[in-house]
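Shown next: coords-v1.pdb, given as PDB, C-alpha atoms, pLDDT in the B column.
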ATOM      1  CA  ASN A  16       0.000   0.000   0.000  1.00 60.00           C
ATOM      2  CA  ALA A  17       1.220   3.485  -0.844  1.00 70.00           C
ATOM      3  CA  GLY A  18       2.019   5.660   2.095  1.00 92.00           C
ATOM      4  CA  VAL A  19       4.615   6.587   4.681  1.00 95.00           C
ATOM      5  CA  THR A  20       6.481   3.743   6.349  1.00 95.00           C
ATOM      6  CA  GLN A  21       8.299   4.222   9.623  1.00 96.00           C
ATOM      7  CA  THR A  22      10.619   1.753  11.289  1.00 95.00           C
ATOM      8  CA  PRO A  23      10.982   0.630  13.980  1.00 96.00           C
ATOM      9  CA  LYS A  24       7.588   0.925  15.677  1.00 94.00           C
ATOM     10  CA  PHE A  25       9.086   0.664  19.149  1.00 95.00           C
ATOM     11  CA  GLN A  26      12.584   1.252  20.482  1.00 96.00           C
ATOM     12  CA  VAL A  27      14.255   1.418  23.877  1.00 97.00           C
ATOM     13  CA  LEU A  28      17.625   3.126  24.082  1.00 97.00           C
ATOM     14  CA  LYS A  29      20.081   3.743  26.829  1.00 97.00           C
ATOM     15  CA  THR A  30      21.225   7.275  27.506  1.00 97.00           C
ATOM     16  CA  GLY A  31      24.086   8.161  25.182  1.00 97.00           C
ATOM     17  CA  GLN A  32      23.283   5.602  22.518  1.00 97.00           C
ATOM     18  CA  SER A  33      22.674   6.652  18.949  1.00 96.00           C
ATOM     19  CA  MET A  34      20.135   5.387  16.485  1.00 96.00           C
ATOM     20  CA  THR A  35      18.358   6.195  13.250  1.00 97.00           C
ATOM     21  CA  LEU A  36      14.612   6.314  12.788  1.00 98.00           C
ATOM     22  CA  GLN A  37      13.724   5.373   9.250  1.00 97.00           C
ATOM     23  CA  CYS A  38      11.062   6.993   7.110  1.00 97.00           C
ATOM     24  CA  ALA A  39      10.213   6.103   3.529  1.00 97.00           C
ATOM     25  CA  GLN A  40       7.413   7.189   1.226  1.00 96.00           C
ATOM     26  CA  ASP A  41       6.484   5.786  -2.160  1.00 95.00           C
ATOM     27  CA  MET A  42       4.263   8.625  -3.361  1.00 93.00           C
ATOM     28  CA  ASN A  43       7.038  10.743  -4.932  1.00 91.00           C
ATOM     29  CA  HIS A  44       6.342  13.508  -2.419  1.00 91.00           C
ATOM     30  CA  GLU A  45       8.767  16.411  -2.368  1.00 89.00           C
ATOM     31  CA  TYR A  46       8.038  17.534   1.161  1.00 89.00           C
ATOM     32  CA  MET A  47       8.919  15.399   4.190  1.00 92.00           C
ATOM     33  CA  SER A  48       9.067  16.219   7.856  1.00 93.00           C
ATOM     34  CA  TRP A  49       9.609  14.802  11.329  1.00 96.00           C
ATOM     35  CA  TYR A  50       7.476  15.625  14.351  1.00 95.00           C
ATOM     36  CA  ARG A  51       7.560  14.546  17.941  1.00 96.00           C
ATOM     37  CA  GLN A  52       4.412  14.147  19.982  1.00 94.00           C
ATOM     38  CA  ASP A  53       4.442  14.641  23.722  1.00 92.00           C
ATOM     39  CA  PRO A  54       1.418  14.665  26.037  1.00 86.00           C
ATOM     40  CA  GLY A  55      -0.204  18.085  26.198  1.00 82.00           C
ATOM     41  CA  MET A  56       2.266  19.512  23.693  1.00 85.00           C
ATOM     42  CA  GLY A  57       0.685  18.557  20.404  1.00 86.00           C
ATOM     43  CA  LEU A  58       3.083  17.883  17.548  1.00 91.00           C
ATOM     44  CA  ARG A  59       6.300  19.818  17.292  1.00 92.00           C
ATOM     45  CA  LEU A  60       8.364  20.017  14.140  1.00 91.00           C
ATOM     46  CA  ILE A  61      11.917  18.700  14.412  1.00 95.00           C
ATOM     47  CA  HIS A  62      13.272  18.940  10.846  1.00 95.00           C
ATOM     48  CA  TYR A  63      11.821  19.137   7.389  1.00 92.00           C
ATOM     49  CA  SER A  64      12.875  18.828   3.774  1.00 92.00           C
ATOM     50  CA  VAL A  65      11.449  20.435   0.658  1.00 87.00           C
ATOM     51  CA  GLY A  66      13.287  18.112  -1.705  1.00 89.00           C
ATOM     52  CA  ALA A  67      16.284  15.837  -2.100  1.00 92.00           C
ATOM     53  CA  GLY A  68      19.401  17.499  -0.765  1.00 93.00           C
ATOM     54  CA  ILE A  69      17.496  20.253   1.059  1.00 92.00           C
ATOM     55  CA  THR A  70      16.742  20.182   4.770  1.00 94.00           C
ATOM     56  CA  ASP A  71      15.962  22.756   7.420  1.00 91.00           C
ATOM     57  CA  GLN A  72      15.341  22.972  11.128  1.00 92.00           C
ATOM     58  CA  GLY A  73      11.974  23.100  12.788  1.00 90.00           C
ATOM     59  CA  GLU A  74      10.994  24.123  16.291  1.00 89.00           C
ATOM     60  CA  VAL A  75      12.955  21.524  18.258  1.00 94.00           C
ATOM     61  CA  PRO A  76      15.996  20.411  16.218  1.00 96.00           C
ATOM     62  CA  ASN A  77      18.570  20.055  18.986  1.00 96.00           C
ATOM     63  CA  GLY A  78      19.907  16.531  19.360  1.00 96.00           C
ATOM     64  CA  TYR A  79      18.661  15.400  15.956  1.00 97.00           C
ATOM     65  CA  ASN A  80      20.173  15.249  12.489  1.00 97.00           C
ATOM     66  CA  VAL A  81      18.558  14.572   9.136  1.00 97.00           C
ATOM     67  CA  SER A  82      19.600  14.094   5.544  1.00 96.00           C
ATOM     68  CA  ARG A  83      17.676  13.690   2.296  1.00 96.00           C
ATOM     69  CA  SER A  84      19.741  11.897  -0.290  1.00 96.00           C
ATOM     70  CA  THR A  85      16.724  10.546  -2.175  1.00 96.00           C
ATOM     71  CA  THR A  86      13.140  11.665  -2.662  1.00 95.00           C
ATOM     72  CA  GLU A  87      11.866   8.539  -0.923  1.00 96.00           C
ATOM     73  CA  ASP A  88      13.856   8.484   2.318  1.00 97.00           C
ATOM     74  CA  PHE A  89      14.184  10.905   5.204  1.00 98.00           C
ATOM     75  CA  PRO A  90      15.965   9.306   8.183  1.00 98.00           C
ATOM     76  CA  LEU A  91      16.137  10.982  11.582  1.00 98.00           C
ATOM     77  CA  ARG A  92      19.299  10.439  13.611  1.00 98.00           C
ATOM     78  CA  LEU A  93      19.625  10.726  17.347  1.00 96.00           C
ATOM     79  CA  LEU A  94      23.276  11.378  17.999  1.00 92.00           C
ATOM     80  CA  SER A  95      23.389  10.772  21.760  1.00 96.00           C
ATOM     81  CA  ALA A  96      20.027   9.825  23.201  1.00 96.00           C
ATOM     82  CA  ALA A  97      18.735  11.610  26.282  1.00 97.00           C
ATOM     83  CA  PRO A  98      15.686  10.850  28.444  1.00 97.00           C
ATOM     84  CA  SER A  99      14.146  14.123  27.198  1.00 96.00           C
ATOM     85  CA  GLN A 100      13.931  12.519  23.771  1.00 97.00           C
ATOM     86  CA  THR A 101      11.480   9.932  24.999  1.00 97.00           C
ATOM     87  CA  SER A 102       8.519  10.581  22.735  1.00 97.00           C
ATOM     88  CA  VAL A 103       6.466   9.359  19.827  1.00 95.00           C
ATOM     89  CA  TYR A 104       7.970  10.357  16.499  1.00 97.00           C
ATOM     90  CA  PHE A 105       5.968  10.848  13.338  1.00 95.00           C
ATOM     91  CA  CYS A 106       7.175  11.241   9.796  1.00 96.00           C
ATOM     92  CA  ALA A 107       4.934  13.037   7.313  1.00 93.00           C
ATOM     93  CA  SER A 108       5.037  13.851   3.625  1.00 92.00           C
ATOM     94  CA  SER A 109       3.067  15.880   1.096  1.00 87.00           C
ATOM     95  CA  PRO A 110       3.300  16.279  -2.676  1.00 83.00           C
ATOM     96  CA  SER A 111       4.958  19.660  -2.881  1.00 72.00           C
ATOM     97  CA  PHE A 112       5.639  22.568  -0.624  1.00 59.00           C
ATOM     98  CA  THR A 113       4.403  24.814  -3.369  1.00 56.00           C
ATOM     99  CA  GLY A 114       1.010  23.138  -3.235  1.00 57.00           C
ATOM    100  CA  GLN A 115       0.403  24.188   0.277  1.00 61.00           C
ATOM    101  CA  GLY A 116      -3.221  23.294   0.226  1.00 69.00           C
ATOM    102  CA  THR A 117      -2.340  19.636   0.145  1.00 75.00           C
ATOM    103  CA  ALA A 118      -2.647  17.599   3.290  1.00 82.00           C
ATOM    104  CA  CYS A 119       0.217  15.661   4.796  1.00 86.00           C
ATOM    105  CA  THR A 120       0.254  11.877   4.969  1.00 91.00           C
ATOM    106  CA  PHE A 121       1.551  10.604   8.296  1.00 93.00           C
ATOM    107  CA  GLY A 122       3.356   7.426   9.170  1.00 94.00           C
ATOM    108  CA  SER A 123       2.157   5.245  12.033  1.00 93.00           C
ATOM    109  CA  GLY A 124       4.844   6.494  14.401  1.00 94.00           C
ATOM    110  CA  THR A 125       7.857   5.270  16.356  1.00 96.00           C
ATOM    111  CA  ARG A 126       7.536   5.080  20.120  1.00 95.00           C
ATOM    112  CA  LEU A 127      10.974   5.773  21.600  1.00 97.00           C
ATOM    113  CA  THR A 128      11.938   5.357  25.235  1.00 97.00           C
ATOM    114  CA  VAL A 129      15.320   6.511  26.496  1.00 97.00           C
ATOM    115  CA  VAL A 130      16.339   5.091  29.859  1.00 96.00           C
TER
ATOM    116  CA  ALA B   8       4.199  34.285  14.261  1.00 69.00           C
ATOM    117  CA  GLN B   9       1.953  31.424  13.277  1.00 76.00           C
ATOM    118  CA  SER B  10       0.111  29.577  15.976  1.00 86.00           C
ATOM    119  CA  VAL B  11      -2.929  27.442  16.612  1.00 92.00           C
ATOM    120  CA  ALA B  12      -4.936  27.217  19.817  1.00 94.00           C
ATOM    121  CA  GLN B  13      -7.330  24.497  20.856  1.00 96.00           C
ATOM    122  CA  PRO B  14      -8.827  25.900  24.045  1.00 95.00           C
ATOM    123  CA  GLU B  15     -10.320  22.635  25.289  1.00 96.00           C
ATOM    124  CA  ASP B  16      -8.160  19.691  26.290  1.00 94.00           C
ATOM    125  CA  GLN B  17     -11.243  17.472  26.489  1.00 96.00           C
ATOM    126  CA  VAL B  18     -14.711  17.467  25.017  1.00 98.00           C
ATOM    127  CA  ASN B  19     -17.330  15.016  26.234  1.00 97.00           C
ATOM    128  CA  VAL B  20     -20.602  14.464  24.417  1.00 98.00           C
ATOM    129  CA  ALA B  21     -23.370  11.888  24.387  1.00 97.00           C
ATOM    130  CA  GLU B  22     -23.872   9.746  21.322  1.00 97.00           C
ATOM    131  CA  GLY B  23     -26.372  11.301  18.948  1.00 97.00           C
ATOM    132  CA  ASN B  24     -25.736  14.829  20.161  1.00 97.00           C
ATOM    133  CA  PRO B  25     -23.932  17.440  18.061  1.00 97.00           C
ATOM    134  CA  LEU B  26     -20.269  18.005  18.770  1.00 97.00           C
ATOM    135  CA  THR B  27     -17.935  20.961  18.354  1.00 97.00           C
ATOM    136  CA  VAL B  28     -14.171  20.987  18.753  1.00 98.00           C
ATOM    137  CA  LYS B  29     -12.804  24.507  18.800  1.00 98.00           C
ATOM    138  CA  CYS B  30      -9.765  25.928  17.044  1.00 97.00           C
ATOM    139  CA  THR B  31      -8.434  29.449  16.653  1.00 96.00           C
ATOM    140  CA  TYR B  32      -5.397  30.465  14.671  1.00 93.00           C
ATOM    141  CA  SER B  33      -2.959  33.269  14.137  1.00 89.00           C
ATOM    142  CA  VAL B  34      -1.168  33.670  10.820  1.00 82.00           C
ATOM    143  CA  SER B  35       0.023  36.531   8.696  1.00 76.00           C
ATOM    144  CA  GLY B  36      -1.960  36.268   5.508  1.00 77.00           C
ATOM    145  CA  ASN B  37      -4.607  33.853   4.326  1.00 80.00           C
ATOM    146  CA  PRO B  38      -4.357  30.568   6.188  1.00 84.00           C
ATOM    147  CA  TYR B  39      -4.529  26.994   5.008  1.00 88.00           C
ATOM    148  CA  LEU B  40      -6.308  25.145   7.808  1.00 92.00           C
ATOM    149  CA  PHE B  41      -6.535  21.443   8.507  1.00 94.00           C
ATOM    150  CA  TRP B  42      -8.122  18.996  10.915  1.00 96.00           C
ATOM    151  CA  TYR B  43      -6.513  15.664  11.692  1.00 95.00           C
ATOM    152  CA  VAL B  44      -7.708  12.805  13.881  1.00 96.00           C
ATOM    153  CA  GLN B  45      -5.579  10.344  15.825  1.00 94.00           C
ATOM    154  CA  TYR B  46      -6.917   7.055  17.115  1.00 92.00           C
ATOM    155  CA  PRO B  47      -5.008   5.275  19.912  1.00 86.00           C
ATOM    156  CA  ASN B  48      -1.581   4.032  18.867  1.00 81.00           C
ATOM    157  CA  ARG B  49      -2.078   5.259  15.314  1.00 84.00           C
ATOM    158  CA  GLY B  50      -0.733   8.035  13.146  1.00 87.00           C
ATOM    159  CA  LEU B  51      -2.673  11.136  12.247  1.00 91.00           C
ATOM    160  CA  GLN B  52      -5.370  10.903   9.611  1.00 93.00           C
ATOM    161  CA  PHE B  53      -6.502  13.823   7.512  1.00 92.00           C
ATOM    162  CA  LEU B  54     -10.143  14.855   8.027  1.00 95.00           C
ATOM    163  CA  LEU B  55     -10.668  18.063   6.101  1.00 94.00           C
ATOM    164  CA  LYS B  56      -9.111  21.325   5.033  1.00 92.00           C
ATOM    165  CA  TYR B  57      -9.929  24.911   4.196  1.00 92.00           C
ATOM    166  CA  ILE B  58      -7.958  26.615   1.456  1.00 87.00           C
ATOM    167  CA  THR B  59     -10.346  29.095  -0.081  1.00 84.00           C
ATOM    168  CA  GLY B  60     -13.988  29.398  -1.094  1.00 86.00           C
ATOM    169  CA  ASP B  61     -16.973  28.336   0.966  1.00 88.00           C
ATOM    170  CA  ASN B  62     -16.571  28.875   4.655  1.00 91.00           C
ATOM    171  CA  LEU B  63     -18.238  25.546   5.456  1.00 95.00           C
ATOM    172  CA  VAL B  64     -16.007  22.637   4.573  1.00 95.00           C
ATOM    173  CA  LYS B  65     -17.162  19.026   4.552  1.00 95.00           C
ATOM    174  CA  GLY B  66     -14.793  16.173   5.222  1.00 93.00           C
ATOM    175  CA  SER B  67     -14.520  12.517   6.101  1.00 90.00           C
ATOM    176  CA  TYR B  68     -16.814  10.557   8.448  1.00 91.00           C
ATOM    177  CA  GLY B  69     -19.526  13.228   8.427  1.00 95.00           C
ATOM    178  CA  PHE B  70     -17.358  15.950   9.917  1.00 96.00           C
ATOM    179  CA  GLU B  71     -17.457  19.538   8.789  1.00 97.00           C
ATOM    180  CA  ALA B  72     -15.693  22.722   9.798  1.00 97.00           C
ATOM    181  CA  GLU B  73     -16.597  26.361   9.616  1.00 95.00           C
ATOM    182  CA  PHE B  74     -14.008  28.944   8.729  1.00 95.00           C
ATOM    183  CA  ASN B  75     -14.627  32.348  10.303  1.00 94.00           C
ATOM    184  CA  LYS B  76     -12.092  34.932   9.208  1.00 91.00           C
ATOM    185  CA  SER B  77     -13.274  37.695  11.528  1.00 92.00           C
ATOM    186  CA  GLN B  78     -13.003  35.446  14.561  1.00 94.00           C
ATOM    187  CA  THR B  79      -9.911  33.609  13.198  1.00 94.00           C
ATOM    188  CA  SER B  80     -11.581  30.323  14.009  1.00 96.00           C
ATOM    189  CA  PHE B  81     -11.952  26.958  12.326  1.00 97.00           C
ATOM    190  CA  HIS B  82     -14.216  24.869  14.559  1.00 98.00           C
ATOM    191  CA  LEU B  83     -14.814  21.204  13.805  1.00 98.00           C
ATOM    192  CA  LYS B  84     -18.419  20.034  13.957  1.00 98.00           C
ATOM    193  CA  LYS B  85     -20.573  16.975  13.521  1.00 97.00           C
ATOM    194  CA  PRO B  86     -24.372  16.976  13.731  1.00 96.00           C
ATOM    195  CA  SER B  87     -24.645  13.595  15.462  1.00 97.00           C
ATOM    196  CA  ALA B  88     -21.722  12.096  17.375  1.00 97.00           C
ATOM    197  CA  LEU B  89     -20.837   8.398  17.355  1.00 97.00           C
ATOM    198  CA  VAL B  90     -18.953   6.437  20.010  1.00 96.00           C
ATOM    199  CA  SER B  91     -16.428   5.599  17.273  1.00 95.00           C
ATOM    200  CA  ASP B  92     -15.641   9.323  16.924  1.00 96.00           C
ATOM    201  CA  SER B  93     -13.812   9.175  20.241  1.00 96.00           C
ATOM    202  CA  ALA B  94     -10.223  10.150  19.450  1.00 96.00           C
ATOM    203  CA  LEU B  95      -7.657  12.910  19.682  1.00 95.00           C
ATOM    204  CA  TYR B  96      -8.273  15.784  17.264  1.00 97.00           C
ATOM    205  CA  PHE B  97      -5.674  18.217  16.027  1.00 95.00           C
ATOM    206  CA  CYS B  98      -6.135  21.517  14.281  1.00 96.00           C
ATOM    207  CA  ALA B  99      -3.244  22.702  12.104  1.00 93.00           C
ATOM    208  CA  VAL B 100      -2.354  25.712  10.020  1.00 89.00           C
ATOM    209  CA  ARG B 101       0.052  25.766   7.138  1.00 82.00           C
ATOM    210  CA  ASP B 102       2.411  28.669   6.698  1.00 70.00           C
ATOM    211  CA  PRO B 103       1.261  30.212   3.419  1.00 65.00           C
ATOM    212  CA  ARG B 104       4.386  32.176   2.624  1.00 64.00           C
ATOM    213  CA  GLY B 105       7.837  33.151   3.678  1.00 53.00           C
ATOM    214  CA  SER B 106      10.876  31.114   4.563  1.00 52.00           C
ATOM    215  CA  THR B 107       8.930  28.403   6.344  1.00 55.00           C
ATOM    216  CA  LEU B 108       7.063  27.160   3.310  1.00 58.00           C
ATOM    217  CA  GLY B 109       5.122  24.006   3.904  1.00 62.00           C
ATOM    218  CA  ARG B 110       5.417  23.927   7.665  1.00 74.00           C
ATOM    219  CA  LEU B 111       2.416  22.768   9.623  1.00 81.00           C
ATOM    220  CA  TYR B 112       1.721  24.318  12.998  1.00 87.00           C
ATOM    221  CA  PHE B 113      -0.372  22.113  15.270  1.00 91.00           C
ATOM    222  CA  GLY B 114      -2.596  22.826  18.211  1.00 93.00           C
ATOM    223  CA  ARG B 115      -2.123  20.803  21.378  1.00 93.00           C
ATOM    224  CA  GLY B 116      -4.984  18.518  20.577  1.00 94.00           C
ATOM    225  CA  THR B 117      -8.475  17.941  21.988  1.00 96.00           C
ATOM    226  CA  GLN B 118      -9.521  14.571  23.331  1.00 96.00           C
ATOM    227  CA  LEU B 119     -13.073  13.853  22.236  1.00 97.00           C
ATOM    228  CA  THR B 120     -15.019  11.270  24.202  1.00 97.00           C
ATOM    229  CA  VAL B 121     -18.450  10.198  23.034  1.00 97.00           C
ATOM    230  CA  TRP B 122     -20.313   8.076  25.549  1.00 96.00           C
ATOM    231  CA  PRO B 123     -23.158   5.720  24.670  1.00 94.00           C
TER
END
Can you turn what I pasted into structure tokens?
Amino acid sequence: NAGVTQTPKFQVLKTGQSMTLQCAQDMNHEYMSWYRQDPGMGLRLIHYSVGAGITDQGEVPNGYNVSRSTTEDFPLRLLSAAPSQTSVYFCASSPSFTGQGTACTFGSGTRLTVV
Amino acid sequence: AQSVAQPEDQVNVAEGNPLTVKCTYSVSGNPYLFWYVQYPNRGLQFLLKYITGDNLVKGSYGFEAEFNKSQTSFHLKKPSALVSDSALYFCAVRDPRGSTLGRLYFGRGTQLTVWP
């Protein structure tokens, strides 16, 4: 099925460990983004990309890196995990940032716990 | 600065009664407004959007939303609530211009509970 695929669905990390959250979409969408969801905080934008090779920071980028080498993939890297990064992470994509009336398609999320 | 407010953390309504989930926004320029729904342990699903045109927008599952420019509001409504509508609802606004093209700004979410 076409859509946004996130892996893994669940992950437990120890403080200081690094890992990569994977996100892939097969809809040829230009725009991709990462959000974190915390109780009572809604969704906050971490990083986004308007096309291959182009990324930018969102509201809460510290502690995270991204790259966009292909249209399909937009991995999120945690360089040195901290308990404050315990959250649910969502990847989202939409056809084009220029078509701003288009809705985003969200992945099913990655639940990350840092101990 | 762009922002979205959902003034109610929780909305409770009896099945069959009308429901309203409130949303107000602040953007510079004409907004693109969205409603998303999240069921437990799932990602967000798109419900409806307002871009331009009629102020009353109809979406999925019988939901509709009314855009009110003077009150900067975009309230989600349904004439007759179902127990299966119980979920977390998010209002979002898309930055229509400037250096943050494409960014979605989300409200904090409203938990809707419909009891039988």
Please, which residues in chain B fall within 6 Å of chain A when counting all atoms listed in the file, and what is the closest atom pair and distance in Å to one decimal for each, ordered by chain then residue number, as CSV?
residue,atom,partner,partner_atom,distance
B:Arg49,CA,A:Ser123,CA,5.4
B:Gly50,CA,A:Ser123,CA,4.2
B:Leu51,CA,A:Phe121,CA,5.8
B:Ile58,CA,A:Gly116,CA,5.9
B:Gly109,CA,A:Phe112,CA,4.8
B:Phe113,CA,A:Leu58,CA,5.9
B:Gly114,CA,A:Gly57,CA,5.8
B:Arg115,CA,A:Gly57,CA,3.7
B:Gly116,CA,A:Gly57,CA,5.7
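Taken over the shown file, the PyMOL selection byres ((chain A and resi 92) around 10) identifies Ser33, Met34, Thr35, Leu36, Gln37, Gly78, Tyr79, Asn80, Val81, Ser82, Phe89, Pro90, Leu91, Leu93, Leu94, Ser95 and Ala96 of chain A.
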### Query
Which polymer residues have any atom within 12 Å of an atom of Ser91 in chain B, counting only C-alpha atoms, with same-chain residues fewer than 2 positions away left out, as a PyMOL selection string?
chain B and resi 21-23+44-47+68+87-89+93-95+119-123
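Between CA of Leu83 in chain B and CA of Cys98 in chain B lies a distance of 8.7 Å.
Going from CA of Pro98 in chain A over to CA of Asn77 in chain A, you cover 13.5 Å.
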### Message
What would the selection look like, as number ranges by chain, if the PyMOL selection byres ((chain B and resi 75) around 12) were run on the coordinates I just shared?
### Response
B: 29-32, 37-38, 40, 57, 59-64, 72-74, 76-83
### Task
Given the file shown, enumerate the residues that the PyMOL selection byres ((chain A and resi 67) around 8) captures and present them as JSON, numbers by chain.
{"A": [45, 64, 65, 66, 68, 69, 83, 84, 85, 86]}
Store the residues picked out above, limited to C-alpha atoms, as a PDB file, in the coordinates of the input.
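The new file part_12.pdb reads:
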ATOM      1  CA  GLU A  45       8.767  16.411  -2.368  1.00 89.00           C
ATOM      2  CA  SER A  64      12.875  18.828   3.774  1.00 92.00           C
ATOM      3  CA  VAL A  65      11.449  20.435   0.658  1.00 87.00           C
ATOM      4  CA  GLY A  66      13.287  18.112  -1.705  1.00 89.00           C
ATOM      5  CA  GLY A  68      19.401  17.499  -0.765  1.00 93.00           C
ATOM      6  CA  ILE A  69      17.496  20.253   1.059  1.00 92.00           C
ATOM      7  CA  ARG A  83      17.676  13.690   2.296  1.00 96.00           C
ATOM      8  CA  SER A  84      19.741  11.897  -0.290  1.00 96.00           C
ATOM      9  CA  THR A  85      16.724  10.546  -2.175  1.00 96.00           C
ATOM     10  CA  THR A  86      13.140  11.665  -2.662  1.00 95.00           C
TER      11      THR A  86
END
